[in-house]
Amino acid sequence: IMCASAKYNTRGPALIPRMKTKHRIYYITLFSIVLLGLIATGMFQFWPHSIESSNDWTVEKRSVHDVPVVKLPADSPIPERGDLSCRMHTCFDVYRCGFNPKNKIKVYIYSLKKYVDEYGTLVSNTISREYNELLTAISDSEFYTDDVNRACLFVPSIDVLNQNALRIKETAQALAQLSRWDRGTNHLLFNMLPGGPPDYNTALDVPRDRALLAGGGFSTWTYRQGYDVSIPVYSPLSGEVDLPERGPGPRRYFILSSQMALHPEYRLELEALQAENGESVLILDKCTNLSDGVPAVRKRCYKNQVFDYPQVLQESTFCVVLRGARLGQAVLSDVLQAGCVPVIIADSYILPFSEVLDWKRASVVIPEEKMPEMYSILQSIPQRQIEEMQRQARWFWEAYFRSMKAIALATLQIINDRIYPYAAISYEEWNDPPAVKWSSVSNPLFLPLIPPQSQGFTAVVLTYDRVESLFRVITEVSKVPSLSKLLVVWNNQNKNPPEDSLWPKIRVPLKVVRTAENKLSNRFFPYDEIETEAVLAIDDDIIMLTSDELQFGYEVWREFPDRLVGYPGRLHLWDHEMNKWKYESEWTNEVSMVLTGAAFYHKYFNYLYTYKMPGDIKNWVDAHMNCEDIAMNFLVANVTGKSVIKVTPRKKFKCPECTAIDGLSLDQTHMVERSECINKFASVFGTMPLKVVEHRADPVLYKDDFPEKLKSFPNIGSL
Amino acid sequence: MQTRKKYIFLTFLASWLLLFFFGGDQLRRFTFFSGRKAEARRNWPRWTDRTLLRSFADPEELQRDGDLSLLSPRERRAAWLSVYGSSRCRMETCFDFSRCERHGFKVFTYPQERGQPVSETYGKILSSIERSRYHTPNPEEACLFILSIDTLDRDHLSAQYVRNVDEKIRGFPLWNGGRNHLIFNLYSGTWPGYTGELGFDIGQAILARASFDTHSFRPGFDVSIPLFPKDHPQRGGDRGWLYQDSVPPKKKYLLVFKGKRYLTGIGSGTRNALHHIHNGKDIISLTTCKHGKDWEKHKDTRCDKDNVDYERFDYQELLHNSTFSIVPRGRRLGSFRFLEALQAACIPVLLSDGWELPFSEAIDWGKAAVVGSERLLLQIPSAVRCIHPERVLAFQQQTQFLWDAYFSSVDKIVHTTLEIIKDRLSPHRSRSRLLWNALPGGLLVLPEFSTHLGDFPFYYLQHGYSPSTKFTALIRAVSQAGSLSQPILRLIQAVSGSQYCAQIVVLWSCEKPPPPSGKWPPTPQPHCVLLPQLSHRFFPFEAIQTDAVLSLDEDTSLSTSEVDFAFSVWRSFPERIVGFPTRSHFWDPEQGRWGYTSQWTNELSIVLTAAAFYHRYYHSLFTEYLPAGLRDLVDGLAACEDILMNVLVAAVTKLPPIKVTQRKQHKEGLVQKAECGDGAAGTPPPGQRSPPALHSAPAKAKGTAGSRRFSQRQDCLDQLANWFGYMPLVSSQLRLDPVLYKDQVSVLRKKYPGLDK
């Protein structure tokens, strides 16, 4: 029967006239119902989000109080105490992490349980707000996996942020019964307030065997370098108070101490400093006579003056962060948020994220013994450096202290970097604030190397069909002693290059590369045939350069291998009337670009031009068939931060053939186009990278009163 | 039939619909849409009452941390020492800072005892310390002490092993439980365990040791040093092998290893597995069993074939032709291979779990080496292949920088160790990690000068700073006349005419007192006269506040436009010396020494400081960085200071100085006056580096004084090269001129028309 109906359906239209009307109506209704059903199903299938998320939402619509209860028998096992000799290679099971193309570790979070002892008493608070935020952040991050078998790192949902809020033995028992505990291997615990009275240990006292500890307040004795992670003590004030970033500049106080619980000995020393240096030092204390309802944590007092906390921190250049009973202090976070430079006085304290953060750039660390000298030490810091430290302090807060999410992700990233060291985040990425990342350059050819002369250079001639002129260029260039190879880039797809026998005979290898498309960017392609570092880009009509001039250009390039070294120079100017950049080819006293009609540069820039050119510049240049040289000038200046080097007096390339078309109107449109290029590129780069200089390079004895025959480069040519 | 069919059909349809509407969800889970389902992962729940959760600590608890009736800070520090003892020393517990307060960081080496020969290497270490600027012969002044007992080799099977060290040490009155002592060690422990056993009690001494393991390393207290061979040069040192920056690296091999395979014992785990990654193409990993006396006893089936392969390749050749090199642990954690790979720009792939890398307190090894895990050996090839070519290039350059800055000689290794310890004494005046890991390296950057990067000439580009827009002119007056000579008056006028001149400082080194202030020509800038008690002109005078210094001799003749142009050039090259009259050096193969010439040549490598711009930091470097011994040497040879300055700057930058345009007519005059008859000592034979002797321009005054002076300068250059261990000077073939220099264009167009004359 089913087959029959299917048959009717497929052959529907042909059968209909032969059927009875009753049946026809019936089938049409049937068909529409099926259709409706399909549409409805389709809606369910392809509109899944509203349905699914509301579905999941109902699953999630749970309270922390509803989580399952786990009873811990009194004799359930307790893990060993933390093993101080643990290092990644001894206690961490790296095989769980595996090699993966993304180089990301996978983190699993145990589901939340409520632990009670035999008598039904709670072991700890189920979860604190901060720990919930932290786990949420991990769960939302790229690191998270819900598959316990694929995980490399396990994060228990047992909240041990504050040791004082839990029962040590029972918490340890709770840890030990986790499904993948395995002596704590690859488990990560987060703790911010370790130790308890009277000795205040600097690491979590809960026995945890091999588990990694992300702890606030480690000392050099408890911190297992390269294994544990030192994290900040989160200050909940960060979330409550909004302190806008304050610009650099002098502040009302030089040194400020805002901590309420200081050991009397420290307080005495601070007060001595204040007595010595007067008003610029402010030592605050808790307020004794606040009216009811005012939260004591948000006020500080000096004598009868009342200050708002943490706002008062913004009034000072330096803020003291002294150790209390514990080494890690939440005030550090407040101080950084205020953009106040922390003066950290806590011997043997492992600063937060010290494995990756360079605290010397954001803080002043003073040994406890040297507290009396604090004032003079701080005075000796140059003002410019203080401003940078303020900026750096604020940046550290924004990036790594601001929220539990920031803390969690930085911790995981540090562990990730240890497991995939070859994909680790660099010092600069961790430490440079965005402003520095923008304004600084990192030269890819930073090592001061003067390439050996013997290497020579490869001349790359881009040509279309001017064979006669090309041959003259080849003959001329081949006279340069340091030429090691000549590469002709044949950019004409419609015409074959001349036969081998027709090419000029020269002393170095000559290779012809045929291109697939007539594009200007072909001239800057990093051909495998280029075996030298130095490339001489030369047009097929540049015949006026003398051999001495080219050889000298190469010698200059050797001294500046990370720059463009060329002959005619050009300049960019700011047009105040039009409010935009203008291209200038007049013979000015300054240069900021060189034409690549003949220029030496490092092959690396070919690689950059082809693969790393920002934005759509490369395609834009190919489409407009112009400005490839300006693009190259921008690229090199942007990546190195250095100017071009113009060599010899040469001001323009005169070519006999061009004189005919060298009309005035053409010249003007040319200038307009070139100016447009500069404006376009400056907007793509987001800045004007070109550097203006007033000098050019000549041979040492150029135009000196000296016998020409003794000069290395006597024939330097003219304008 | 029809009706039945109809009903069956209807039922069938209804059930389908029901299934779609109500069971769709379940259906989707296992049918066509399973792909979509997998994406929805079980995230951490969004608790309904998450905002109501309690904070982990209430604000009060956070702010009043702990109770106040605790041990006093001082008592606690004392308690730490007793609790942790010397095996867990830290600077604050085991080091006596007070010893370093009065005289600063001074290092004392115990006098060598008779009948106690030290090994060649330890001799080098001791002499490095004695050559350093921190050395003191007086134990009273010292902050750090170095034993004269050779502790480098503590393998008691070794011939170098010194016995009864404990007894000897106890005999030293200065020992003091090892406090403030620094002990060097390269080898410790012996077959089969190779533990860190030293065979004597170091007490509270700092240990500078090679092959340090993270477990016994006392962080912030000990120093891990590299293992270096016996023939490691005392100073100077060979340069790295990288001559070419290419992307992608054009090397024949990707990854190489050639070394022993341990069949048993410690370290065999890794060494025995290395042959697995050999692919015979771009990964060459060769091992041999032939080592030790009884290797044949342990030999396995691989040995014979491996030994044959092993002989086919040359280790040096492999290093030259490979991008990466495996540096596995040997019996000990460190190996010579590490420095060899570093020098060869062969990026080290470290397989030495638990090795505290050399100078890890300062050096960021992640920028120069791949720190692999012994356990993940088989992943190394794919991991290394994934590294981008640009990153490989950066790695290669960094290996060369590190090699040259910290490792190429015993001097550098020892001085780096001392600087690391010195930096701990005053954390606020120490080098940030950035300074250690960027050119020119931590040894050449003095935190005493400044801790701000913008104050040094090296970091302008990296950090977006720019050098100051003004300069200070520093004129040295030596003429014996009591009044001001004509040249100096003209000079002051010319310099003060520059809009970039911030102030003029005159160094009055004459016997007669300087003229009263009324006699000086009026200048728009403030000027001051200094009476240096110190012998040299490169003292970091307080009066110099600008980044740029224009150093001048009183008889130099310059015009304002020359000064202006040179300053604009200096702003482009703030780390170099930019000046007018130049000299060059060359290797004289006949006499086997360095030659110096003042003749006009096509090259230059020295810019005379009679007229030159440079960064004021070089004053500090000159005065504080160079050890007293070298300055004595220079003082002994008159007229050598400026050569030393050039050598120093070249050693720092590895770049030549820059010559700028100078007007013709006074060149002769300047040369004659400043260096009467340099050329008089006769024409030095043509050298490799210098073109054949050229026209002897200023050879008019052939006085004996002149020739003595010339030979002194010749000696000076030679001795400096000897002292540095190599010739730092670099030659340049160019001069920087204004863009329109001597061009046939209207004078009105030119910014510096005066220079054309």
# chains A, B, ... in the order shown; residues from 1 in each chain; ligands from 1
>>> residues_around(residues="segment 644-648 of chain B", least_positions_apart="2", cutoff="10 Å", atoms="only C-alpha atoms", output="number ranges by chain")
B: 538, 576-577, 605-609, 618-619, 621-622, 625-626, 630-631, 634, 639-642, 650-654, 656-657, 716-717, 720-721, 724, 727-730
>>> residues_around(residues="Gln259 of chain A", least_positions_apart="5", cutoff="10 Å", atoms="only C-alpha atoms", output="VMD selection string")
(chain A and resid 267 283 to 286 300 319 to 324 329 to 331) or (chain B and resid 63 to 65)
>>> write_last_selection(atoms="all heavy atoms", output="compact mmCIF listing (two decimals), in the first residue's frame")
# COMPACT_ATOMS: atom_id res chain seq x y z
N ARG A 267 53.87 50.62 60.96
CA ARG A 267 53.20 51.91 61.07
C ARG A 267 54.15 52.95 61.65
O ARG A 267 54.18 54.10 61.19
CB ARG A 267 51.92 51.78 61.90
CG ARG A 267 51.02 53.00 61.81
CD ARG A 267 49.66 52.75 62.41
NE ARG A 267 48.78 51.97 61.52
CZ ARG A 267 48.11 52.47 60.50
NH1 ARG A 267 48.22 53.76 60.22
NH2 ARG A 267 47.34 51.73 59.78
N ILE A 283 49.56 58.99 55.61
CA ILE A 283 49.38 57.65 56.18
C ILE A 283 47.96 57.57 56.72
O ILE A 283 47.64 58.20 57.73
CB ILE A 283 50.38 57.40 57.34
CG1 ILE A 283 51.80 57.78 56.93
CG2 ILE A 283 50.30 55.94 57.80
CD1 ILE A 283 52.38 56.96 55.82
N LEU A 284 47.14 56.81 56.07
CA LEU A 284 45.73 56.73 56.46
C LEU A 284 45.51 55.52 57.38
O LEU A 284 46.27 54.57 57.38
CB LEU A 284 44.85 56.59 55.23
CG LEU A 284 44.92 57.76 54.26
CD1 LEU A 284 44.13 57.45 53.00
CD2 LEU A 284 44.40 59.03 54.91
N ASP A 285 44.42 55.62 58.12
CA ASP A 285 44.06 54.52 59.02
C ASP A 285 42.55 54.35 58.97
O ASP A 285 41.85 55.12 58.31
CB ASP A 285 44.55 54.85 60.43
CG ASP A 285 44.70 53.57 61.26
OD1 ASP A 285 44.22 52.51 60.79
OD2 ASP A 285 45.28 53.65 62.34
N LYS A 286 42.07 53.37 59.69
CA LYS A 286 40.61 53.18 59.71
C LYS A 286 39.99 54.35 60.47
O LYS A 286 40.64 55.01 61.27
CB LYS A 286 40.26 51.85 60.36
CG LYS A 286 40.75 51.70 61.79
CD LYS A 286 40.23 50.39 62.34
CE LYS A 286 40.77 50.13 63.74
NZ LYS A 286 42.17 49.70 63.75
N ARG A 300 38.61 56.15 54.80
CA ARG A 300 39.89 56.12 55.50
C ARG A 300 40.03 57.47 56.20
O ARG A 300 39.49 58.48 55.74
CB ARG A 300 41.06 55.95 54.54
CG ARG A 300 41.13 54.61 53.87
CD ARG A 300 41.48 53.50 54.85
NE ARG A 300 41.67 52.23 54.14
CZ ARG A 300 40.68 51.42 53.78
NH1 ARG A 300 39.43 51.73 54.08
NH2 ARG A 300 40.94 50.31 53.13
N CYS A 319 51.74 54.33 46.06
CA CYS A 319 50.89 53.79 47.11
C CYS A 319 51.58 52.57 47.72
O CYS A 319 51.99 51.66 47.00
CB CYS A 319 49.54 53.37 46.55
SG CYS A 319 48.57 54.76 45.97
N VAL A 320 51.68 52.58 49.01
CA VAL A 320 52.39 51.52 49.70
C VAL A 320 51.51 50.27 49.79
O VAL A 320 50.33 50.36 50.13
CB VAL A 320 52.78 51.98 51.11
CG1 VAL A 320 53.51 50.87 51.85
CG2 VAL A 320 53.64 53.22 51.03
N VAL A 321 52.07 49.14 49.44
CA VAL A 321 51.39 47.86 49.62
C VAL A 321 52.28 47.02 50.53
O VAL A 321 53.25 46.43 50.07
CB VAL A 321 51.14 47.15 48.28
CG1 VAL A 321 50.46 45.82 48.52
CG2 VAL A 321 50.32 48.02 47.35
N LEU A 322 51.95 47.03 51.80
CA LEU A 322 52.76 46.30 52.77
C LEU A 322 52.14 44.95 53.03
O LEU A 322 50.94 44.78 52.93
CB LEU A 322 52.75 47.09 54.08
CG LEU A 322 53.98 47.90 54.41
CD1 LEU A 322 53.64 48.87 55.53
CD2 LEU A 322 55.12 47.01 54.85
N ARG A 323 52.98 44.00 53.38
CA ARG A 323 52.43 42.71 53.73
C ARG A 323 51.63 42.81 55.03
O ARG A 323 51.92 43.66 55.89
CB ARG A 323 53.53 41.68 53.91
CG ARG A 323 54.52 42.00 55.01
CD ARG A 323 55.31 40.79 55.38
NE ARG A 323 54.45 39.75 55.90
CZ ARG A 323 54.74 38.46 55.84
NH1 ARG A 323 55.86 38.08 55.28
NH2 ARG A 323 53.92 37.58 56.34
N GLY A 324 50.60 42.01 55.15
CA GLY A 324 49.90 41.93 56.42
C GLY A 324 50.25 40.59 57.02
O GLY A 324 51.39 40.15 56.94
N GLN A 329 47.85 40.91 49.09
CA GLN A 329 46.92 41.89 49.63
C GLN A 329 45.96 42.36 48.54
O GLN A 329 46.39 42.67 47.43
CB GLN A 329 47.70 43.10 50.18
CG GLN A 329 48.62 42.76 51.33
CD GLN A 329 47.84 42.51 52.61
OE1 GLN A 329 46.93 43.26 52.95
NE2 GLN A 329 48.17 41.44 53.32
N ALA A 330 44.69 42.43 48.89
CA ALA A 330 43.70 42.88 47.92
C ALA A 330 43.92 44.34 47.55
O ALA A 330 43.54 44.79 46.47
CB ALA A 330 42.29 42.69 48.47
N VAL A 331 44.58 45.08 48.44
CA VAL A 331 44.79 46.49 48.17
C VAL A 331 45.64 46.69 46.92
O VAL A 331 45.52 47.71 46.23
CB VAL A 331 45.43 47.19 49.40
CG1 VAL A 331 46.83 46.69 49.66
CG2 VAL A 331 45.45 48.69 49.23
N GLN B 63 40.40 43.64 53.95
CA GLN B 63 41.18 44.85 54.25
C GLN B 63 41.91 44.78 55.58
O GLN B 63 42.99 45.33 55.71
CB GLN B 63 40.28 46.08 54.19
CG GLN B 63 39.85 46.37 52.77
CD GLN B 63 39.15 47.68 52.62
OE1 GLN B 63 39.02 48.44 53.58
NE2 GLN B 63 38.67 47.98 51.43
N ARG B 64 41.32 44.13 56.56
CA ARG B 64 42.10 43.93 57.77
C ARG B 64 42.53 42.48 57.80
O ARG B 64 41.93 41.64 58.42
CB ARG B 64 41.33 44.18 59.07
CG ARG B 64 40.05 44.86 58.93
CD ARG B 64 39.29 44.78 60.22
NE ARG B 64 38.75 46.09 60.47
CZ ARG B 64 39.24 46.95 61.33
NH1 ARG B 64 40.24 46.63 62.10
NH2 ARG B 64 38.70 48.13 61.48
N ASP B 65 43.59 42.30 57.13
CA ASP B 65 44.05 40.95 56.89
C ASP B 65 44.74 40.41 58.13
O ASP B 65 45.78 40.91 58.54
CB ASP B 65 44.99 41.03 55.69
CG ASP B 65 45.81 39.81 55.51
OD1 ASP B 65 45.24 38.73 55.55
OD2 ASP B 65 47.02 39.96 55.34
>>> closest_residue(among="A:Glu387, A:Glu549, A:Glu130, A:Glu499", to="chain B", atoms="only C-alpha atoms")
A:Glu130
>>> select_by_dssp(residues="segment 30-176 of chain A", states="strand (DSSP E)", output="mmCIF file with C-alpha atoms, in the first residue's frame")
data_model
loop_
_atom_site.group_PDB
_atom_site.id
_atom_site.type_symbol
_atom_site.label_atom_id
_atom_site.label_comp_id
_atom_site.auth_asym_id
_atom_site.auth_seq_id
_atom_site.Cartn_x
_atom_site.Cartn_y
_atom_site.Cartn_z
ATOM 1 C CA VAL A 69 24.469 16.506 48.183
ATOM 2 C CA VAL A 70 27.456 14.233 48.687
ATOM 3 C CA LYS A 71 28.096 12.718 52.035
ATOM 4 C CA VAL A 107 39.873 22.222 30.693
ATOM 5 C CA TYR A 108 37.107 20.282 32.348
ATOM 6 C CA ILE A 109 35.033 21.558 35.257
ATOM 7 C CA LYS A 114 27.271 20.112 48.092
ATOM 8 C CA TYR A 115 29.550 18.232 50.465
ATOM 9 C CA VAL A 116 28.470 17.288 53.955
ATOM 10 C CA LEU A 153 43.287 20.028 33.078
ATOM 11 C CA PHE A 154 40.581 19.531 35.680
ATOM 12 C CA VAL A 155 39.096 22.264 37.783
#
>>> atom_distance(atom1="atom CA of Thr597 of chain B", atom2="atom CA of Ser584 of chain B")
5.5 Å
>>> residues_around(residues="Glu133 of chain A", least_positions_apart="2", cutoff="12 Å", atoms="only C-alpha atoms", output="PyMOL selection string")
(chain A and resi 127-131+135-140+157+159+234+236+403-409) or (chain B and resi 44-47+50-51+53-56)
>>> residues_around(residues="Ser484 of chain A", least_positions_apart="5", cutoff="12 Å", atoms="only C-alpha atoms", output="CSV table (one decimal) with N, CA, C and O atoms, in the first residue's frame")
chain,number,residue,atom,x,y,z
A,453,GLN,N,80.1,41.2,1.8
A,453,GLN,CA,80.0,41.7,0.4
A,453,GLN,C,79.9,40.6,-0.6
A,453,GLN,O,79.3,40.7,-1.6
A,454,SER,N,80.6,39.5,-0.3
A,454,SER,CA,80.7,38.4,-1.3
A,454,SER,C,79.3,37.9,-1.7
A,454,SER,O,79.2,37.3,-2.8
A,455,GLN,N,78.3,38.0,-0.9
A,455,GLN,CA,77.0,37.5,-1.2
A,455,GLN,C,76.5,38.2,-2.5
A,455,GLN,O,75.8,37.5,-3.3
A,456,GLY,N,76.7,39.4,-2.6
A,456,GLY,CA,76.2,40.1,-3.8
A,456,GLY,C,74.7,40.4,-3.8
A,456,GLY,O,74.1,40.1,-2.8
A,457,PHE,N,74.2,40.8,-4.9
A,457,PHE,CA,72.8,41.1,-4.9
A,457,PHE,C,72.2,40.5,-6.2
A,457,PHE,O,72.9,40.2,-7.2
A,458,THR,N,70.9,40.4,-6.2
A,458,THR,CA,70.1,39.9,-7.3
A,458,THR,C,69.3,41.0,-7.9
A,458,THR,O,68.6,41.7,-7.2
A,459,ALA,N,69.5,41.3,-9.2
A,459,ALA,CA,68.8,42.3,-9.8
A,459,ALA,C,67.5,41.7,-10.4
A,459,ALA,O,67.5,40.7,-11.0
A,460,VAL,N,66.4,42.4,-10.0
A,460,VAL,CA,65.1,41.9,-10.5
A,460,VAL,C,64.5,42.9,-11.5
A,460,VAL,O,64.2,44.1,-11.0
A,477,VAL,N,73.6,46.7,-16.0
A,477,VAL,CA,73.6,46.2,-14.7
A,477,VAL,C,74.7,45.1,-14.5
A,477,VAL,O,75.3,44.9,-13.5
A,478,SER,N,74.9,44.3,-15.6
A,478,SER,CA,75.9,43.2,-15.5
A,478,SER,C,77.3,43.7,-15.3
A,478,SER,O,78.2,42.9,-14.9
A,479,LYS,N,77.5,45.0,-15.5
A,479,LYS,CA,78.9,45.5,-15.2
A,479,LYS,C,79.1,45.8,-13.8
A,479,LYS,O,80.3,46.0,-13.4
A,506,ILE,N,76.0,37.7,-20.4
A,506,ILE,CA,76.6,38.3,-19.3
A,506,ILE,C,77.2,37.3,-18.4
A,506,ILE,O,77.0,36.1,-18.5
A,507,ARG,N,78.0,37.8,-17.4
A,507,ARG,CA,78.9,36.9,-16.6
A,507,ARG,C,78.2,36.2,-15.5
A,507,ARG,O,78.7,35.3,-14.9
A,508,VAL,N,77.0,36.7,-15.2
A,508,VAL,CA,76.2,36.0,-14.1
A,508,VAL,C,75.0,35.3,-14.6
A,508,VAL,O,74.6,35.6,-15.8
A,509,PRO,N,74.4,34.4,-13.9
A,509,PRO,CA,73.3,33.7,-14.3
A,509,PRO,C,72.1,34.6,-14.6
A,509,PRO,O,71.9,35.6,-13.9
A,510,LEU,N,71.4,34.4,-15.7
A,510,LEU,CA,70.2,35.2,-16.0
A,510,LEU,C,69.0,34.3,-16.1
A,510,LEU,O,69.0,33.2,-16.8
A,511,LYS,N,68.0,34.6,-15.3
A,511,LYS,CA,66.8,33.7,-15.3
A,511,LYS,C,65.6,34.6,-15.7
A,511,LYS,O,65.5,35.7,-15.4
A,529,GLU,N,64.2,32.0,-6.8
A,529,GLU,CA,65.4,32.2,-7.6
A,529,GLU,C,66.3,33.3,-6.9
A,529,GLU,O,67.5,33.4,-7.2
A,530,ILE,N,65.7,34.2,-6.1
A,530,ILE,CA,66.5,35.2,-5.4
A,530,ILE,C,67.2,34.5,-4.2
A,530,ILE,O,66.6,34.1,-3.3
A,531,GLU,N,68.5,34.3,-4.4
A,531,GLU,CA,69.2,33.6,-3.3
A,531,GLU,C,70.0,34.5,-2.4
A,531,GLU,O,70.5,34.1,-1.4
A,532,THR,N,70.1,35.7,-2.8
A,532,THR,CA,70.8,36.7,-2.0
A,532,THR,C,69.8,37.4,-1.1
A,532,THR,O,68.7,37.4,-1.3
A,533,GLU,N,70.4,38.0,0.0
A,533,GLU,CA,69.5,38.9,0.8
A,533,GLU,C,69.1,40.2,0.1
A,533,GLU,O,68.0,40.6,0.2
A,534,ALA,N,70.1,40.7,-0.6
A,534,ALA,CA,69.9,42.0,-1.3
A,534,ALA,C,69.2,41.8,-2.6
A,534,ALA,O,69.6,41.0,-3.4
A,535,VAL,N,68.2,42.6,-2.8
A,535,VAL,CA,67.5,42.6,-4.1
A,535,VAL,C,67.6,44.0,-4.7
A,535,VAL,O,67.5,45.0,-4.0
A,536,LEU,N,68.0,44.1,-6.0
A,536,LEU,CA,67.9,45.4,-6.6
A,536,LEU,C,66.7,45.3,-7.6
A,536,LEU,O,66.7,44.6,-8.5
A,551,GLN,N,77.0,50.0,-7.6
A,551,GLN,CA,77.9,49.3,-6.7
A,551,GLN,C,77.9,50.0,-5.3
A,551,GLN,O,77.8,49.4,-4.3
A,554,TYR,N,74.8,49.4,-3.4
A,554,TYR,CA,74.8,48.1,-2.8
A,554,TYR,C,75.6,48.2,-1.5
A,554,TYR,O,75.2,47.6,-0.4
>>> select_by_dssp(residues="segment 257-441 of chain B", states="alpha helix (DSSP H)", output="PyMOL selection string")
chain B and resi 268-271+295-298+303-312+315-320+336-343+380-385+389-402+410-425+433-437
>>> residues_around(residues="Asp166 of chain B", least_positions_apart="6", cutoff="12 Å", atoms="only C-alpha atoms", output="PyMOL selection string")
chain B and resi 149+151+172+175+177-178+198-203
>>> decode(residues="segment 574-585 of chain A", atoms="C-alpha atoms", output="CSV table (one decimal), in the first residue's frame")
chain,number,residue,atom,x,y,z
A,574,TRP,CA,50.7,67.7,4.8
A,575,ASP,CA,48.5,70.0,2.7
A,576,HIS,CA,47.0,72.3,5.2
A,577,GLU,CA,44.5,73.7,2.8
A,578,MET,CA,43.1,70.4,1.7
A,579,ASN,CA,43.8,68.7,5.1
A,580,LYS,CA,45.4,65.7,3.5
A,581,TRP,CA,48.7,64.3,2.4
A,582,LYS,CA,50.4,65.4,-0.8
A,583,TYR,CA,53.0,63.8,-2.9
A,584,GLU,CA,56.0,66.0,-3.7
A,585,SER,CA,58.5,65.3,-6.4
